[in-house]
Protein chains: 4
Amino acid sequence: MTELKQKMSEMRREFHQIAEPGWLEFQTTFKIIQYLESLGYEVEFGKKIHSERMGLPSEETIKKYVDSLSLDTDYDPGEILQGYTGVVAILDTKREGPTTGIRLDIDANAIEETHDKEHRPNKENFRSKNSFAMHACGHDGHITIGLTLAKWLMNNKAKLKGKFKLIFQPAEEGVRGAKSMVYAGVVDHVDYLLGGHIGLGTKSGVLGLGTRDFLATSKIDVKFKGVSSHAGASPELGKNALLAAASCALNLHTLTQFGSGMARVNVGVLKAGTAKNIVPSQARMEIETRGSNEELNQMLMSKVNNVIKGSAKTFDVEYEIMQAGGAPAYDSHDDEFINLVYEYLKDEFKIKLAPSLGGSEDVTYMMNRVEENGGKSIHFIFGSDLKAAHHNNKFDFDEDTLPMAFKALKQTIKLLNK
Amino acid sequence: MTELKQKMSEMRREFHQIAEPGWLEFQTTFKIIQYLESLGYEVEFGKKIHSERMGLPSEETIKKYVDSLSLDTDYDPGEILQGYTGVVAILDTKREGPTTGIRLDIDANAIEETHDKEHRPNKENFRSKNSFAMHACGHDGHITIGLTLAKWLMNNKAKLKGKFKLIFQPAEEGVRGAKSMVYAGVVDHVDYLLGGHIGLGTKSGVLGLGTRDFLATSKIDVKFKGVSSHAGASPELGKNALLAAASCALNLHTLTQFGSGMARVNVGVLKAGTAKNIVPSQARMEIETRGSNEELNQMLMSKVNNVIKGSAKTFDVEYEIMQAGGAPAYDSHDDEFINLVYEYLKDEFKIKLAPSLGGSEDVTYMMNRVEENGGKSIHFIFGSDLKAAHHNNKFDFDEDTLPMAFKALKQTIKLLNK
Amino acid sequence: MTELKQKMSEMRREFHQIAEPGWLEFQTTFKIIQYLESLGYEVEFGKKIHSERMGLPSEETIKKYVDSLSLDTDYDPGEILQGYTGVVAILDTKREGPTTGIRLDIDANAIEETHDKEHRPNKENFRSKNSFAMHACGHDGHITIGLTLAKWLMNNKAKLKGKFKLIFQPAEEGVRGAKSMVYAGVVDHVDYLLGGHIGLGTKSGVLGLGTRDFLATSKIDVKFKGVSSHAGASPELGKNALLAAASCALNLHTLTQFGSGMARVNVGVLKAGTAKNIVPSQARMEIETRGSNEELNQMLMSKVNNVIKGSAKTFDVEYEIMQAGGAPAYDSHDDEFINLVYEYLKDEFKIKLAPSLGGSEDVTYMMNRVEENGGKSIHFIFGSDLKAAHHNNKFDFDEDTLPMAFKALKQTIKLLNK
Amino acid sequence: MTELKQKMSEMRREFHQIAEPGWLEFQTTFKIIQYLESLGYEVEFGKKIHSERMGLPSEETIKKYVDSLSLDTDYDPGEILQGYTGVVAILDTKREGPTTGIRLDIDANAIEETHDKEHRPNKENFRSKNSFAMHACGHDGHITIGLTLAKWLMNNKAKLKGKFKLIFQPAEEGVRGAKSMVYAGVVDHVDYLLGGHIGLGTKSGVLGLGTRDFLATSKIDVKFKGVSSHAGASPELGKNALLAAASCALNLHTLTQFGSGMARVNVGVLKAGTAKNIVPSQARMEIETRGSNEELNQMLMSKVNNVIKGSAKTFDVEYEIMQAGGAPAYDSHDDEFINLVYEYLKDEFKIKLAPSLGGSEDVTYMMNRVEENGGKSIHFIFGSDLKAAHHNNKFDFDEDTLPMAFKALKQTIKLLNK
């Protein structure tokens, strides 16, 4: 095990240093492809594994980052560099059997890693080289788990049956990337889908099994466009986008009383106007909703839409609503399947059954799609003592988690491959 | 003059006792008709002198008041009792000459007269017999001035030329009645229109001449209709009319900054909801706008409409906007004509030239129409020391004003009849 | 059983006809006293059983109703007629044993009973004689259950031990009456408290046992007092109470997102202003909050207070907050005690264990107090097919429920008296 | 005249190239000092001519700009480089006579000059060298007028009496600089104050004399500071600064109805929040008020303060109000003095008497102070055909205006020096 941990730690630390935010995982994607190809995998990437993407950075941002890189690849990286990031690797044993998908998310957070000298990536020299990004959610670990599993699968190909699909998904932060892959058909023929996440409040050494309470969520950006005017001389000629946004923000926050479950609205950002003496013609808002079930979140979003449209009408301004992200709820908890896995793993792992996520994760797009198609899905929490909360710039996890996570997935695959 | 004052006071006190609010001036109308017919006038009333009426009381209110009266008339009062109140009396001298219109408003205020014993109508026994109405704006005086003038005109018919049209207009309070008469053509062939008002801050003995600064105004009633629901169990099924109204009220009050003149919005009344534990499904608002010119008030009303529609959309409720009253601005101040009258009256009266109204009066509908047709109009203020402000339940005016007002109009008629 | 049902139905129908809203249960109180005294009970009433009362009607309302009654009592009804309604009856067996309290609420709803001929109280001639009140929640049944139990206790006094306290509580609607009794010490020495309610979504023939999910709730009335001013001439001199209330209402509805449980705010009523052309100086709001636990509701009320104070400051108006009602949550579900009762009753009744109330009921004041003092409490739902929802003017329950409810309480008393 | 125009144009173009925003006029100040000293003036600068400054840039901004300059001065520039910009130059004739102050503003606008090739500063090679600033309001011309006048005064010292005080004021944009100078006593002993501005809608060749309608204005920056929290997990622990600002913005815009004159409020900028899933803890607003008279603006600011405090209380957040600028109204129009100047200049200039400013300018601080001390003040508009509106990045004025302005001031000085 010591050797396994060391190898996994090394790999994780390599990915930690090239942290890249969602849809900009260029180096990360290339490195994953390179490793998988070196193992002998057939890989898919670029437009082939994507449909419509949500929450894409601006073309300017993409171009600026691309220009800063000096990439050297054997193949045309064109589509990837347009933000079609992520990789799908397929192992076909050529023996009849189920298709098992394993989903790993690969993006980092758009924050700068702490300069605190006690922070292990600083002490042990593997901090992010990108000042604009840091793996503060453990996805560097997820990539490592996936690649380690890829190696094991290839090494054990002869003993396995069916197909294996390793799905390295971009842009999980902001719940943006899964939908694009799902609608491109990436999980369409998957019989079993395995997902998992490091940390999430579960201690080192504990394996959460059959995670539930994934909240539905929608992320939108809203723009109001009015007409500017001199605030002293001709205020009546202005169409005030700032007031439209202010009224919209207040009224949105009145929408969250539901008898049918938990609902949330947050106007997280509001920016409007340019100068004290000008009637503001531009306003921008960033909004999220959440709901404890899908129907609730959709009803809530319908109310949100009314408020946005009504606020625009009220101040006679134009509006634009942009989908910036989103994930469905995961309601269809399959106790029978979870128990089957539990029985197989319980002697080897300290298991916490059916832990609550209490947040949102776009793996739910994949889990729901697989189950709609008659397949089964399961989500793990790979317990890990954390140095700081997820998304904090001092985040670091316990690397003992890596081999445990690998082993849990490997054993589950064995069970499903019986 | 003493005799004149006494007669006018007596007549005014008779009308004071039968105070009736706008569109309910049934006894008042009958009494005016009776007097005019006794003088030999040809009178017009009912639907003939009206088009579409604004701010009508409910049918129930009309019926209830009609039922409480025991009317005895020689003619069919049917139309009058449907709220087609007011009278137009015409004197045709059969000699070529201009048509001179004189406009008098006849309605009372919907308030109860004070029981204060020092209040002259109480002391001298002429308080309103209707607990729901009081002449608190001096229109009882206006009727008296008009009828006294009617008598003088008939008595002096032989010395006069042209035609005279005495217009006893209902429902000036709330600026509701003039529009209906104007659109029925009541002032269409009028060459000179004379109007006037008792009091308005001008002292006894002073005659205001050429009143200006009549503000444009609109009065509307708005209803929001949503869906009620239990506030604890199923708030999301409600459509909250109270919040729509609250947001509407706030946003309406942001509309009044205009570089092109003075603008006003007032949400004077907001009533919504029935019980603490029910999402309110009904809200009602009473609103007025004002503007220092017509164009401004129309631009303002267009903004008001956007806010109402937008607020309804925001909370997904239905809305209804009802015109409850309105009057245009009077901008077309004719200095030449005013000076002509001034020169004729200045030796006999203490004159305040071009006083500012600083409020709204629907005589402007008539003044504007006459001027649009090439005629001229003038408005007087009949100065009078008041016991309390207009619309106060202790309002009373100085009855010396009555003969002065009569004389001012009579002299002006003489001038215009030269 | 048929005879019991008939007697109970007759009694219930007598109380149904004298329906009286909270704090005005004068005839109801007198009738209960009369019946209890006829059975030989010692009764307490008036100020003795009350402390500070919430949500009292105005003195004028009380006086008006008192004046409309021609009461004939053997004792001084003075305190009762001041709104100190309700009765406490005590049976002391003089044998050592626990004190068992049984709480029954006695008030009606302030609505007019339907005139629909199919409505049984109309068909069978027992509709409410008071047009302003109707038993639309089943409290007429509760009184009947209590008095029937009172008779059984007295008849079986010799076989019983300890004391029995029958608590006929006024003003449960609006959650107003229990607090006053609890703070007067009415349940201070009670070892077991039994409560119950007819209907609540449970079908006829089913007995709900160990009701849970009583929400904490607060009911407040808020007044804003500003300064009126002419909306056209001097709006800046006004202090706008309507806008303060509108802003307050909107902002209150933004407060309900809690991670720690369910929260509710409802501004159920907002009334402000008098006329279109006056800056409104008065506004009144009726508000309720709810929370799934006590701490949450208190945190919520603290936020509500900030919004009210802040809204008043914003528009420079004065405010007043009046407690109009309230009830605590009931969190302390005692599974052991509930199971004890369940085991004793399960053969005789069709039981629904631990039903959810999902609303508020001020019996929780009594249950909490008894448990704080080391006692135990239990709440039943007496299942009953309803003709219309609680508080609907066509409400009627299945009278078969009455004997079942009596029997359930009687058997529970037997168990606790073992 | 041609030579004068050429010299003035050259000087104006030098200042145009070193455009610097308010409180950062370092090169501008040094250049003015240098020129004045070369003429033989005694100059004052630094802290000596300032008291408390409003709307100062951040220390970081100042430092950054200072660091970018390579300054070479004969004297310690320390105070100037802390933002104590501007210069006062005094000429004492040593002969008894009045003290005449002339006020010139020297700052540029914080905008980038257009790159349009047709723009004269581009064509003729004198565009601003600072990409962050442009003279888009004509203050480069004002400096030139002042320095040309300084030269003439020095050259004509022997023919003059009394004292002359040339006041080169920084930070007029945003109405920030005058107050600091006035409270430092700069105009305390001034008998006549002359001010003026190029353009302002008056055509080339026309001299506006006795400008009126300077609006009172206040500029404030407001910060709300709350507490952030996760919007999904624990929204109730947040204190929402964004909603406080939104409610504040809406309610501020309800304040502008005044019977006593024109009032304006504009929330020109609102920025709040950091991310979709975080309850926003920070909000910032930039606000201005205006009023047609001083009393009105003060009453308005008092209402503004209530709204800010009330909004903070409503959402339980902290607030900070920073004065960012301001200027009083100028109400005290002295027709007699204006006519005196008019009679003296009317043969030489085409004069527009008493033009309306209809905006704000902080020269009013100086004019009011001088008049409070018994002196007299007058303001000119130096008519000039403009290429684009003031503050537009294509702004350019007609350089023929420069000699006219110089001459108008020179002649006025002659009159006042008689």
# chains A, B, ... in the order shown; residues from 1 in each chain; ligands from 1

$ interface_residues --of "chain C" --to "chain A" --cutoff "9 Å" --atoms "only C-alpha atoms" --output "VMD selection string"
chain C and resid 250 to 257 261 to 265

$ write_last_selection --atoms "all heavy atoms" --output "mmCIF file, in the first residue's frame"
data_model
loop_
_atom_site.group_PDB
_atom_site.id
_atom_site.type_symbol
_atom_site.label_atom_id
_atom_site.label_comp_id
_atom_site.auth_asym_id
_atom_site.auth_seq_id
_atom_site.Cartn_x
_atom_site.Cartn_y
_atom_site.Cartn_z
ATOM 1 N N LEU C 250 -42.169 43.760 1.809
ATOM 2 C CA LEU C 250 -41.253 43.096 0.878
ATOM 3 C C LEU C 250 -40.049 42.530 1.607
ATOM 4 O O LEU C 250 -39.654 41.381 1.396
ATOM 5 C CB LEU C 250 -40.767 44.088 -0.182
ATOM 6 C CG LEU C 250 -41.759 44.407 -1.288
ATOM 7 C CD1 LEU C 250 -41.228 45.540 -2.145
ATOM 8 C CD2 LEU C 250 -42.019 43.167 -2.142
ATOM 9 N N ASN C 251 -39.453 43.346 2.453
ATOM 10 C CA ASN C 251 -38.224 42.901 3.107
ATOM 11 C C ASN C 251 -38.486 41.769 4.101
ATOM 12 O O ASN C 251 -37.642 40.878 4.266
ATOM 13 C CB ASN C 251 -37.507 44.086 3.742
ATOM 14 C CG ASN C 251 -36.893 44.991 2.677
ATOM 15 O OD1 ASN C 251 -36.607 44.537 1.564
ATOM 16 N ND2 ASN C 251 -36.704 46.252 2.995
ATOM 17 N N LEU C 252 -39.652 41.780 4.745
ATOM 18 C CA LEU C 252 -39.988 40.669 5.642
ATOM 19 C C LEU C 252 -40.014 39.336 4.888
ATOM 20 O O LEU C 252 -39.568 38.314 5.404
ATOM 21 C CB LEU C 252 -41.357 40.900 6.295
ATOM 22 C CG LEU C 252 -41.397 41.932 7.410
ATOM 23 C CD1 LEU C 252 -42.843 42.185 7.834
ATOM 24 C CD2 LEU C 252 -40.565 41.492 8.612
ATOM 25 N N HIS C 253 -40.519 39.388 3.670
ATOM 26 C CA HIS C 253 -40.638 38.143 2.913
ATOM 27 C C HIS C 253 -39.289 37.633 2.395
ATOM 28 O O HIS C 253 -39.235 36.584 1.767
ATOM 29 C CB HIS C 253 -41.650 38.310 1.781
ATOM 30 C CG HIS C 253 -43.070 38.095 2.221
ATOM 31 N ND1 HIS C 253 -43.754 36.937 1.989
ATOM 32 C CD2 HIS C 253 -43.912 38.889 2.912
ATOM 33 C CE1 HIS C 253 -44.967 37.022 2.502
ATOM 34 N NE2 HIS C 253 -45.099 38.198 3.058
ATOM 35 N N THR C 254 -38.206 38.377 2.621
ATOM 36 C CA THR C 254 -36.878 37.877 2.217
ATOM 37 C C THR C 254 -36.204 37.079 3.338
ATOM 38 O O THR C 254 -35.077 36.629 3.172
ATOM 39 C CB THR C 254 -35.920 39.036 1.842
ATOM 40 O OG1 THR C 254 -35.572 39.766 3.026
ATOM 41 C CG2 THR C 254 -36.541 39.976 0.834
ATOM 42 N N LEU C 255 -36.875 36.917 4.482
ATOM 43 C CA LEU C 255 -36.196 36.416 5.687
ATOM 44 C C LEU C 255 -36.265 34.910 5.889
ATOM 45 O O LEU C 255 -35.737 34.411 6.872
ATOM 46 C CB LEU C 255 -36.790 37.078 6.931
ATOM 47 C CG LEU C 255 -36.726 38.602 7.016
ATOM 48 C CD1 LEU C 255 -37.406 39.077 8.287
ATOM 49 C CD2 LEU C 255 -35.274 39.081 6.990
ATOM 50 N N THR C 256 -36.910 34.166 4.989
ATOM 51 C CA THR C 256 -37.304 32.813 5.375
ATOM 52 C C THR C 256 -36.363 31.696 4.952
ATOM 53 O O THR C 256 -36.747 30.534 4.996
ATOM 54 C CB THR C 256 -38.707 32.514 4.820
ATOM 55 O OG1 THR C 256 -38.639 32.643 3.394
ATOM 56 C CG2 THR C 256 -39.728 33.470 5.370
ATOM 57 N N GLN C 257 -35.143 32.030 4.545
ATOM 58 C CA GLN C 257 -34.216 30.960 4.194
ATOM 59 C C GLN C 257 -33.396 30.576 5.426
ATOM 60 O O GLN C 257 -32.566 31.350 5.880
ATOM 61 C CB GLN C 257 -33.309 31.390 3.044
ATOM 62 C CG GLN C 257 -34.103 31.741 1.786
ATOM 63 C CD GLN C 257 -33.226 31.854 0.547
ATOM 64 O OE1 GLN C 257 -32.493 30.938 0.215
ATOM 65 N NE2 GLN C 257 -33.305 32.980 -0.128
ATOM 66 N N GLY C 261 -33.968 24.617 9.514
ATOM 67 C CA GLY C 261 -35.342 24.124 9.566
ATOM 68 C C GLY C 261 -36.251 24.955 8.691
ATOM 69 O O GLY C 261 -35.808 25.803 7.917
ATOM 70 N N MET C 262 -37.537 24.728 8.826
ATOM 71 C CA MET C 262 -38.525 25.406 8.008
ATOM 72 C C MET C 262 -38.895 26.730 8.666
ATOM 73 O O MET C 262 -39.114 26.798 9.874
ATOM 74 C CB MET C 262 -39.747 24.493 7.896
ATOM 75 C CG MET C 262 -40.780 24.966 6.902
ATOM 76 S SD MET C 262 -41.957 26.100 7.663
ATOM 77 C CE MET C 262 -43.134 24.906 8.305
ATOM 78 N N ALA C 263 -38.968 27.772 7.878
ATOM 79 C CA ALA C 263 -39.358 29.085 8.380
ATOM 80 C C ALA C 263 -40.421 29.685 7.468
ATOM 81 O O ALA C 263 -40.416 29.448 6.262
ATOM 82 C CB ALA C 263 -38.149 30.008 8.434
ATOM 83 N N ARG C 264 -41.308 30.442 8.054
ATOM 84 C CA ARG C 264 -42.358 31.106 7.285
ATOM 85 C C ARG C 264 -42.560 32.529 7.795
ATOM 86 O O ARG C 264 -42.510 32.762 9.008
ATOM 87 C CB ARG C 264 -43.713 30.398 7.462
ATOM 88 C CG ARG C 264 -43.794 28.994 6.950
ATOM 89 C CD ARG C 264 -44.163 28.964 5.476
ATOM 90 N NE ARG C 264 -44.320 27.597 5.023
ATOM 91 C CZ ARG C 264 -43.323 26.879 4.502
ATOM 92 N NH1 ARG C 264 -42.117 27.398 4.380
ATOM 93 N NH2 ARG C 264 -43.539 25.654 4.086
ATOM 94 N N VAL C 265 -42.821 33.437 6.856
ATOM 95 C CA VAL C 265 -43.316 34.772 7.201
ATOM 96 C C VAL C 265 -44.494 35.043 6.287
ATOM 97 O O VAL C 265 -44.427 34.739 5.093
ATOM 98 C CB VAL C 265 -42.241 35.856 6.974
ATOM 99 C CG1 VAL C 265 -42.863 37.245 7.043
ATOM 100 C CG2 VAL C 265 -41.121 35.740 7.994
#

$ residues_around --residues "C:Thr148" --least-positions-apart "5" --cutoff "12 Å" --atoms "only C-alpha atoms" --output "ChimeraX atom specification"
/C:4-12,32,35-36,39,104,141-143,153-155,166,402-407,409-410

$ select_by_dssp --residues "stretch 106-308 of chain D" --states "strand (DSSP E or B)" --output "count of residues only"
60

$ residues_around --residues "D:Thr274" --least-positions-apart "4" --cutoff "8 Å" --atoms "only C-alpha atoms" --output "MDAnalysis selection string"
(chainID A and resid 268:269) or (chainID D and resid 278 280)

$ write_last_selection --atoms "N, CA, C and O atoms" --output "short mmCIF file (atom, residue, chain, number, x, y, z; two decimals), in the first residue's frame"
data_model
loop_
_atom_site.label_atom_id
_atom_site.label_comp_id
_atom_site.auth_asym_id
_atom_site.auth_seq_id
_atom_site.Cartn_x
_atom_site.Cartn_y
_atom_site.Cartn_z
N GLY A 268 -26.22 36.51 -5.68
CA GLY A 268 -24.88 36.56 -5.11
C GLY A 268 -24.08 37.77 -5.54
O GLY A 268 -23.20 38.23 -4.82
N VAL A 269 -24.39 38.28 -6.71
CA VAL A 269 -23.66 39.43 -7.25
C VAL A 269 -24.64 40.37 -7.93
O VAL A 269 -25.54 39.93 -8.64
N ILE D 278 -22.79 32.57 -2.28
CA ILE D 278 -22.43 33.19 -1.01
C ILE D 278 -23.40 34.34 -0.71
O ILE D 278 -23.65 35.18 -1.58
N PRO D 280 -24.11 37.78 0.17
CA PRO D 280 -23.16 38.89 0.00
C PRO D 280 -22.96 39.70 1.29
O PRO D 280 -23.92 40.13 1.91
#
